[in-house]
Structures are given as C-alpha cells and as structure tokens.
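What follows is the content of input.cif, which has mmCIF, C-alpha atoms and all ligand atoms:
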data_protein
#
loop_
_atom_site.label_atom_id
_atom_site.label_comp_id
_atom_site.auth_asym_id
_atom_site.auth_seq_id
_atom_site.Cartn_x
_atom_site.Cartn_y
_atom_site.Cartn_z
CA MET A 589 -63.91 4.41 -28.01
CA ARG A 590 -62.00 3.00 -25.00
CA LEU A 591 -61.80 -0.44 -26.67
CA LEU A 592 -60.61 1.08 -29.98
CA SER A 593 -58.02 3.13 -28.11
CA LYS A 594 -56.84 -0.03 -26.29
CA ILE A 595 -56.55 -1.95 -29.57
CA PHE A 596 -54.76 0.76 -31.58
CA SER A 597 -52.39 1.69 -28.75
CA ASN A 598 -50.71 -1.57 -29.70
CA THR A 599 -49.13 0.30 -32.61
CA ARG A 600 -47.22 2.36 -30.01
CA LYS A 601 -46.35 -0.62 -27.81
CA PRO A 602 -47.67 -4.05 -28.84
CA GLU A 603 -48.88 -6.05 -25.84
CA GLY A 604 -50.93 -9.23 -25.36
CA PHE A 605 -53.28 -10.77 -27.95
CA PHE A 606 -53.98 -7.57 -29.93
CA GLY A 607 -50.28 -6.69 -29.84
CA ARG A 608 -49.41 -10.04 -31.41
CA MET A 609 -52.02 -9.43 -34.13
CA MET A 610 -50.59 -5.96 -34.71
CA VAL A 611 -46.97 -7.09 -35.19
CA ASN A 612 -48.13 -9.72 -37.68
CA GLY A 613 -49.94 -6.96 -39.61
CA MET A 614 -46.87 -4.69 -39.51
CA ASN A 615 -44.91 -7.25 -41.51
CA SER A 616 -47.23 -7.09 -44.52
CA GLY A 617 -49.56 -4.83 -46.52
CA SER A 618 -48.89 -1.11 -46.82
CA HIS A 619 -45.99 -1.19 -44.32
CA ALA A 620 -44.07 -3.53 -46.64
CA ARG A 621 -44.66 -1.39 -49.76
CA MET A 622 -43.78 1.79 -47.91
CA ALA A 623 -40.60 0.28 -46.45
CA GLU A 624 -39.44 -0.80 -49.92
CA TRP A 625 -40.21 2.69 -51.21
CA GLY A 626 -38.20 4.29 -48.36
CA LEU A 627 -35.25 1.95 -48.80
CA SER A 628 -35.10 2.76 -52.52
CA PHE A 629 -33.53 6.13 -51.51
CA VAL A 630 -30.80 4.54 -49.36
CA ASN A 631 -27.44 3.14 -50.45
CA ILE A 632 -26.30 0.39 -48.09
CA ASN A 633 -22.76 -0.96 -48.17
CA GLU A 634 -22.59 -4.78 -48.22
CA SER A 635 -20.61 -4.71 -44.93
CA ALA A 636 -22.71 -2.05 -43.20
CA ASN A 637 -23.43 -2.01 -39.50
CA VAL A 638 -27.12 -1.09 -39.19
CA LEU A 639 -29.55 -0.35 -36.34
CA ASP A 640 -33.35 -0.49 -36.81
CA ILE A 641 -35.18 1.30 -33.97
CA GLY A 642 -38.78 0.32 -33.21
CA CYS A 643 -38.23 -2.85 -35.21
CA GLY A 644 -41.78 -4.19 -34.64
CA GLY A 645 -42.28 -7.56 -36.34
CA GLY A 646 -38.74 -7.61 -37.78
CA ALA A 647 -39.57 -7.52 -41.51
CA ASN A 648 -37.39 -4.44 -41.99
CA ILE A 649 -34.50 -6.09 -40.18
CA ALA A 650 -34.79 -8.89 -42.77
CA ARG A 651 -34.87 -6.34 -45.63
CA LEU A 652 -31.78 -4.61 -44.25
CA LEU A 653 -29.93 -7.93 -43.77
CA ALA A 654 -30.58 -8.75 -47.44
CA ARG A 655 -28.98 -5.43 -48.43
CA CYS A 656 -25.80 -5.91 -46.36
CA PRO A 657 -24.95 -9.60 -46.82
CA LYS A 658 -21.55 -9.16 -45.12
CA GLY A 659 -22.83 -6.76 -42.50
CA MET A 660 -24.67 -6.77 -39.18
CA VAL A 661 -28.19 -5.57 -38.31
CA LYS A 662 -29.34 -4.86 -34.77
CA GLY A 663 -32.98 -4.24 -33.88
CA ILE A 664 -34.33 -2.59 -30.76
CA ASP A 665 -37.90 -2.17 -29.57
CA HIS A 666 -39.47 -1.33 -26.20
CA SER A 667 -42.16 -4.02 -26.64
CA PRO A 668 -41.33 -7.60 -25.61
CA VAL A 669 -44.00 -8.78 -28.10
CA SER A 670 -42.15 -7.02 -30.95
CA VAL A 671 -38.78 -8.35 -29.78
CA ARG A 672 -40.10 -11.93 -29.72
CA LYS A 673 -41.60 -11.64 -33.22
CA SER A 674 -38.48 -9.96 -34.70
CA THR A 675 -36.34 -12.67 -33.12
CA ARG A 676 -38.46 -15.43 -34.70
CA VAL A 677 -38.53 -13.76 -38.14
CA ASN A 678 -34.73 -13.32 -38.15
CA ALA A 679 -33.78 -16.53 -36.33
CA ARG A 680 -31.43 -17.72 -39.08
CA ALA A 681 -29.42 -14.47 -39.21
CA ILE A 682 -29.28 -14.42 -35.39
CA SER A 683 -27.83 -17.94 -35.28
CA ASP A 684 -25.37 -16.93 -38.04
CA GLY A 685 -24.18 -14.07 -35.78
CA ARG A 686 -25.38 -11.36 -38.21
CA CYS A 687 -28.34 -10.05 -36.22
CA ILE A 688 -29.20 -9.12 -32.64
CA VAL A 689 -32.67 -8.08 -31.44
CA MET A 690 -33.03 -6.50 -28.02
CA GLU A 691 -35.59 -4.84 -25.80
CA GLY A 692 -34.91 -1.15 -25.16
CA SER A 693 -35.99 2.41 -25.77
CA ALA A 694 -35.21 4.95 -28.47
CA SER A 695 -34.58 7.33 -25.55
CA ALA A 696 -31.65 5.35 -24.11
CA LEU A 697 -29.81 3.47 -26.83
CA PRO A 698 -27.49 0.86 -25.27
CA PHE A 699 -24.84 1.12 -27.98
CA ALA A 700 -21.30 2.48 -28.26
CA ASP A 701 -20.52 5.90 -29.74
CA SER A 702 -19.99 5.81 -33.54
CA GLU A 703 -21.08 2.15 -33.82
CA PHE A 704 -23.38 2.29 -36.88
CA ASN A 705 -23.19 3.31 -40.55
CA LEU A 706 -26.97 3.52 -40.77
CA VAL A 707 -29.85 3.93 -38.30
CA THR A 708 -33.42 3.40 -39.54
CA ALA A 709 -36.79 4.22 -38.00
CA PHE A 710 -39.85 2.96 -39.89
CA GLU A 711 -43.32 4.03 -38.71
CA THR A 712 -42.16 4.68 -35.17
CA VAL A 713 -40.98 8.26 -34.49
CA TYR A 714 -44.64 9.30 -34.00
CA PHE A 715 -44.50 7.62 -30.60
CA TRP A 716 -41.11 8.70 -29.25
CA PRO A 717 -41.21 10.99 -26.20
CA LYS A 718 -38.72 13.93 -26.21
CA ILE A 719 -37.89 13.32 -29.86
CA GLU A 720 -34.88 15.65 -30.02
CA ASP A 721 -33.19 13.73 -27.19
CA CYS A 722 -33.81 10.49 -29.15
CA PHE A 723 -32.32 12.07 -32.29
CA ARG A 724 -29.26 13.22 -30.29
CA GLY A 725 -28.79 9.62 -29.11
CA ILE A 726 -28.95 8.43 -32.73
CA HIS A 727 -26.37 11.06 -33.69
CA ARG A 728 -24.11 9.69 -30.93
CA VAL A 729 -24.26 6.05 -32.11
CA LEU A 730 -23.70 6.91 -35.80
CA LYS A 731 -20.26 7.04 -37.36
CA ASP A 732 -19.20 10.32 -39.00
CA GLY A 733 -20.78 10.34 -42.45
CA GLY A 734 -23.39 7.78 -41.31
CA HIS A 735 -27.06 8.20 -42.19
CA PHE A 736 -30.29 8.37 -40.19
CA VAL A 737 -33.39 7.39 -42.19
CA ILE A 738 -36.99 8.00 -41.08
CA VAL A 739 -39.82 6.45 -43.10
CA ASN A 740 -43.40 7.43 -42.18
CA GLU A 741 -46.65 6.36 -43.77
CA ASP A 742 -48.10 9.84 -43.23
CA ASP A 743 -46.39 13.18 -43.89
CA GLY A 744 -48.55 15.11 -41.39
CA LEU A 745 -49.84 17.47 -44.08
CA THR A 746 -53.32 16.06 -44.70
CA GLY A 747 -54.89 15.55 -41.26
CA ASN A 748 -55.41 11.89 -42.19
CA ASN A 749 -53.72 10.79 -38.96
CA ASP A 750 -55.86 12.99 -36.68
CA LYS A 751 -58.16 10.04 -35.96
CA TRP A 752 -55.20 7.91 -34.83
CA GLU A 753 -53.76 10.72 -32.72
CA LYS A 754 -57.12 10.93 -30.89
CA LEU A 755 -57.05 7.19 -30.18
CA ILE A 756 -53.35 6.72 -29.39
CA GLU A 757 -52.05 8.71 -26.45
CA GLY A 758 -48.83 10.61 -27.10
CA MET A 759 -48.86 10.06 -30.90
CA HIS A 760 -47.74 12.95 -33.10
CA THR A 761 -47.53 12.92 -36.91
CA TYR A 762 -44.59 15.13 -37.85
CA THR A 763 -44.57 17.30 -40.97
CA PRO A 764 -41.37 17.40 -43.06
CA ASP A 765 -40.56 20.86 -41.62
CA GLU A 766 -40.99 19.68 -38.03
CA LEU A 767 -38.73 16.68 -38.60
CA ARG A 768 -36.15 18.81 -40.36
CA ALA A 769 -36.07 21.23 -37.39
CA HIS A 770 -35.69 18.47 -34.77
CA ILE A 771 -33.06 16.61 -36.80
CA THR A 772 -31.06 19.81 -37.34
CA ALA A 773 -31.25 20.64 -33.61
CA ALA A 774 -29.84 17.19 -32.86
CA GLY A 775 -26.71 17.98 -34.89
CA PHE A 776 -27.40 16.40 -38.28
CA SER A 777 -26.75 18.09 -41.62
CA ASP A 778 -27.45 17.45 -45.28
CA ILE A 779 -31.13 16.56 -44.77
CA THR A 780 -33.09 15.21 -47.75
CA VAL A 781 -36.88 14.93 -47.71
CA ASN A 782 -38.60 12.55 -50.15
CA CYS A 783 -42.39 12.59 -50.42
CA ASP A 784 -44.71 10.21 -52.24
CA GLU A 785 -47.46 12.52 -53.42
CA GLN A 786 -49.98 9.74 -54.06
CA HIS A 787 -49.80 8.13 -50.59
CA HIS A 788 -48.31 11.04 -48.60
CA TRP A 789 -45.47 8.76 -47.49
CA LEU A 790 -42.38 10.48 -46.15
CA CYS A 791 -38.70 9.45 -46.18
CA VAL A 792 -36.20 11.76 -44.48
CA ILE A 793 -32.47 11.08 -44.73
CA ALA A 794 -29.96 12.96 -42.58
CA THR A 795 -26.17 12.72 -42.36
CA LYS A 796 -23.92 12.92 -39.28
C1 LIG B 1 -46.15 0.94 -35.86
S1 LIG B 1 -44.88 -0.13 -35.25
C2 LIG B 1 -43.73 -0.17 -36.62
C3 LIG B 1 -42.86 -1.40 -36.61
C4 LIG B 1 -41.85 -1.52 -37.74
N1 LIG B 1 -40.84 -0.51 -37.68
C5 LIG B 1 -42.56 -1.49 -39.08
O1 LIG B 1 -42.43 -0.51 -39.83
O2 LIG B 1 -43.26 -2.46 -39.42
C6 LIG B 1 -44.03 0.87 -34.07
C7 LIG B 1 -43.00 0.10 -33.28
O3 LIG B 1 -42.15 1.04 -32.60
C8 LIG B 1 -41.98 0.61 -31.27
N2 LIG B 1 -41.70 1.78 -30.44
C9 LIG B 1 -42.53 2.84 -30.25
N3 LIG B 1 -41.94 3.74 -29.44
C10 LIG B 1 -40.72 3.25 -29.13
C11 LIG B 1 -39.65 3.74 -28.33
N4 LIG B 1 -39.73 4.91 -27.70
N5 LIG B 1 -38.53 2.98 -28.22
C12 LIG B 1 -38.45 1.77 -28.85
N6 LIG B 1 -39.44 1.26 -29.61
C13 LIG B 1 -40.56 2.00 -29.76
C14 LIG B 1 -43.28 -0.11 -30.92
O4 LIG B 1 -43.14 -0.99 -29.83
C15 LIG B 1 -43.62 -0.82 -32.23
O5 LIG B 1 -43.06 -2.11 -32.29
#

Could you spell out this file's structure in structure tokens?
Ligand SMILES: C[S@@+](CC[C@H](N)C(=O)[O-])C[C@H]1O[C@@H](n2cnc3c(N)ncnc32)[C@H](O)[C@@H]1O
Amino acid sequence: MRLLSKIFSNTRKPEGFFGRMMVNGMNSGSHARMAEWGLSFVNINESANVLDIGCGGGANIARLLARCPKGMVKGIDHSPVSVRKSTRVNARAISDGRCIVMEGSASALPFADSEFNLVTAFETVYFWPKIEDCFRGIHRVLKDGGHFVIVNEDDGLTGNNDKWEKLIEGMHTYTPDELRAHITAAGFSDITVNCDEQHHWLCVIATK
C-alpha cells in the first residue's frame, strides 16, 4: 500500500523515476482523448493568450498552441519534472517566442491582472489546496469575458475515484455541483457543465 501510494502520488506532483514515467503517460491514452473532448466545447481565438495550469507533460499546451496559431500559451506546474517535460515537448514554440513554461503553484499565480483570454486546468484541480483561493487567482488573471475551463476524467458521481483518493493524500474528486459552488464563490458567472455519460468525464466552463 505504501509503495502504491508513493507511485500514484506522482499524479499530484511528479518526482523522480516514477514521476518521469507518469508525465510520459499523461501525454497519451485516455488523457489525450479526454482533453480533445473537453476542448471541443471551447472556442479559441487565433490570437488568444492562454494559461494552462498543472500542465504536466505539456501535451495540452501543444494542443492549445495549435488552436491559437497567432497567440501565446503559458504553462505552469509545481513539479520540476513536469516543467522539464513540457519544455521539451514545446521546445519549438518556446524558441519561436509563443510559449513559456514555468514552475509555480495554482495557489500563487505569478501573472498580471487580466492577462489571459483563457485559463485551462486538465486533470489537476483534484489536487489543489484551498480551491476557492486558486479559483479567485484565476479570476484575477483573466480578462473580462475570458473563460476558465476545467476538464476532469471523473465527475465525482460514481465513487470510481475513491481508490485513488485513498492512495493520494489530499486528492478530492469534485462533483459538478461542488465545482459550480466554488467557481461561483470565486466570482465567475455563466457556468456551463458538460458531462460525457459513457466515461463520466466532466468539462466545466465559466466566464469572468
Ligand atoms: C494528473 S497530472 C495532469 C497533467 C496535465 N494537465 C494532463 O492533463 O495531462 C496533474 C498535474 O498537475 C500538477 N499540479 C497539481 N497540483 C498543482 C498545484 N497546486 N499547482 C500547480 N500544479 C499542480 C501536477 O504537478 C501534475 O503535473
């Protein structure tokens, strides 16, 4: 149990050998299909300024860059392993000046007020401490009319994630109602919840 917990805690903060394995895995398989599904609900302007929080292996930064060919995508993650992998995956866009990847926390975003048109969070809000404070920080860095998009592989309604919550300290799988309440408390409006009934995937879109 202790070994399993050590291995799967790398989903919360990838570290060392298992962390490197985990970020490679995040860039493929069900994460990729779910990310494409989530992004199908989002309109992205070709010049958009986008932030991806908890960017992991950087595959979603690459997807976002492809959708805003004249825009800019920044990625932030509290794991140096994730930052290194995202940097490698997006090396071309970084050298073209269209992408920046940095180490940092969802709890203390090092960005200017009203900087972004879109902030995304794929498979990561489960792990954020004091989630409403994080959502308030996202509200601060979004422009008026900008969107915050959460995509989760589990909608918290089935108990399927209970086994992971037992193994990964601090993990919580939010239901649509819980997310809606926290997002509203952080100042967002116009909240849309999309659910994939087959997989129990969840995509929540909120507007500043
Ligand atoms: C399960 S991975 C998902 C990675 C990527 N978004 C994806 O969908 O493939 C979760 C990522 O969120 C990061 N993360 C978790 N909590 C964070 C926090 N409070 N601040 C910044 N990054 C965080 C982890 O380090 C990890 O890289």

- prompt: Which residues come within 10 Å of stretch 713-720 of chain A, counting all atoms listed in the file, excluding same-chain residues fewer than 6 positions away, as a PyMOL selection string?
  reply: chain A and resi 599-601+641-642+693-695+726+738-740+742+753+756-762+767+769-775

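Proximity to ligand LIG 1 (chain B) was assessed for A:Ser777, A:Asn648, A:Thr746, A:Ser635 counting all atoms listed in the file; the smallest distance is recorded for A:Asn648.
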
message: Which residues are near ligand LIG 1 (chain B) in this structure, taking near to mean any atom at most 9 Å from a ligand atom and counting only C-alpha atoms and all ligand atoms? Format them as an MDAnalysis selection string.
response: chainID A and resid 598:603 607 610:616 619:620 622:623 640:649 664:671 691:697 708:717 719 722 739:741

Show which residues sit within 9 Å of A:Ser702, as a PDB file with C-alpha atoms, in the frame of the given file. Count all atoms listed in the file, and ignore same-chain residues fewer than 3 positions away.
ATOM      1  CA  PHE A 699     -24.840   1.120 -27.980  1.00  0.00           C
ATOM      2  CA  ASN A 705     -23.190   3.310 -40.550  1.00  0.00           C
ATOM      3  CA  HIS A 727     -26.370  11.060 -33.690  1.00  0.00           C
ATOM      4  CA  ARG A 728     -24.110   9.690 -30.930  1.00  0.00           C
ATOM      5  CA  VAL A 729     -24.260   6.050 -32.110  1.00  0.00           C
ATOM      6  CA  LEU A 730     -23.700   6.910 -35.800  1.00  0.00           C
ATOM      7  CA  LYS A 731     -20.260   7.040 -37.360  1.00  0.00           C
ATOM      8  CA  ASP A 732     -19.200  10.320 -39.000  1.00  0.00           C
ATOM      9  CA  GLY A 734     -23.390   7.780 -41.310  1.00  0.00           C
TER      10      GLY A 734
END

- line: Counting only C-alpha atoms, the residue among A:Arg768, A:Lys662, A:Leu652, A:Leu745 that lies closest to A:Glu624 is A:Leu652

task: Using all atoms listed in the file, collect all residues at a distance of at most 9 Å from (-26.6, -0.1, -42.7) as written in the file, then present them as a PyMOL selection string.
output: chain A and resi 631-640+652-653+655-656+659-661+704-708+734-735

- request: Rank A:Leu627, A:Val677, A:Ala650, A:Ala794 by their smallest atom-to-atom distance to A:Phe723, using all atoms listed in the file, and report the top residue only.
  value: A:Ala794

- request: Work out how far apart atom CA of A:Phe776 and atom CA of A:Thr795 are and give it in Å to one decimal.
  value: 5.6 Å

- prompt: Between A:Arg676, A:Lys751, A:His788, A:Lys796, which one has atoms that come closest to A:Trp625, using only C-alpha atoms?
  reply: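 Selected residue with least distance to A:Trp625: A:His788.
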
- request: Between atom CA of A:Trp789 and atom CA of A:Asn748, measure the distance and give it in Å to one decimal.
  value: 11.7 Å

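Our summary of the geometry notes that atom CA of A:Arg680 is positioned 12.3 Å from atom CA of A:Ala654.
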
message: Neighbouring residues of A:Val630 were defined as those with any atom within 9 Å, considering only C-alpha atoms; residues of the same chain fewer than 4 positions away were excluded. Please report them as a VMD selection string.
response: chain A and resid 626 735 737 793

What does the file look like for those residues with C-alpha atoms, as an mmCIF file, in the frame of the given file?
data_model
loop_
_atom_site.group_PDB
_atom_site.id
_atom_site.type_symbol
_atom_site.label_atom_id
_atom_site.label_comp_id
_atom_site.auth_asym_id
_atom_site.auth_seq_id
_atom_site.Cartn_x
_atom_site.Cartn_y
_atom_site.Cartn_z
ATOM 1 C CA GLY A 626 -38.200 4.290 -48.360
ATOM 2 C CA HIS A 735 -27.060 8.200 -42.190
ATOM 3 C CA VAL A 737 -33.390 7.390 -42.190
ATOM 4 C CA ILE A 793 -32.470 11.080 -44.730
#

message: Counting only C-alpha atoms, which residue out of A:Gly725, A:Gly604, A:Val792, A:Ser683 sits closest to A:Asp765?
response: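 The shortest atom-to-atom distance to A:Asp765 comes from A:Val792.
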
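Proximity of A:Phe606, A:Thr763, A:Asp784, A:Arg651 to A:Lys594, computed with only C-alpha atoms, is greatest for A:Phe606.
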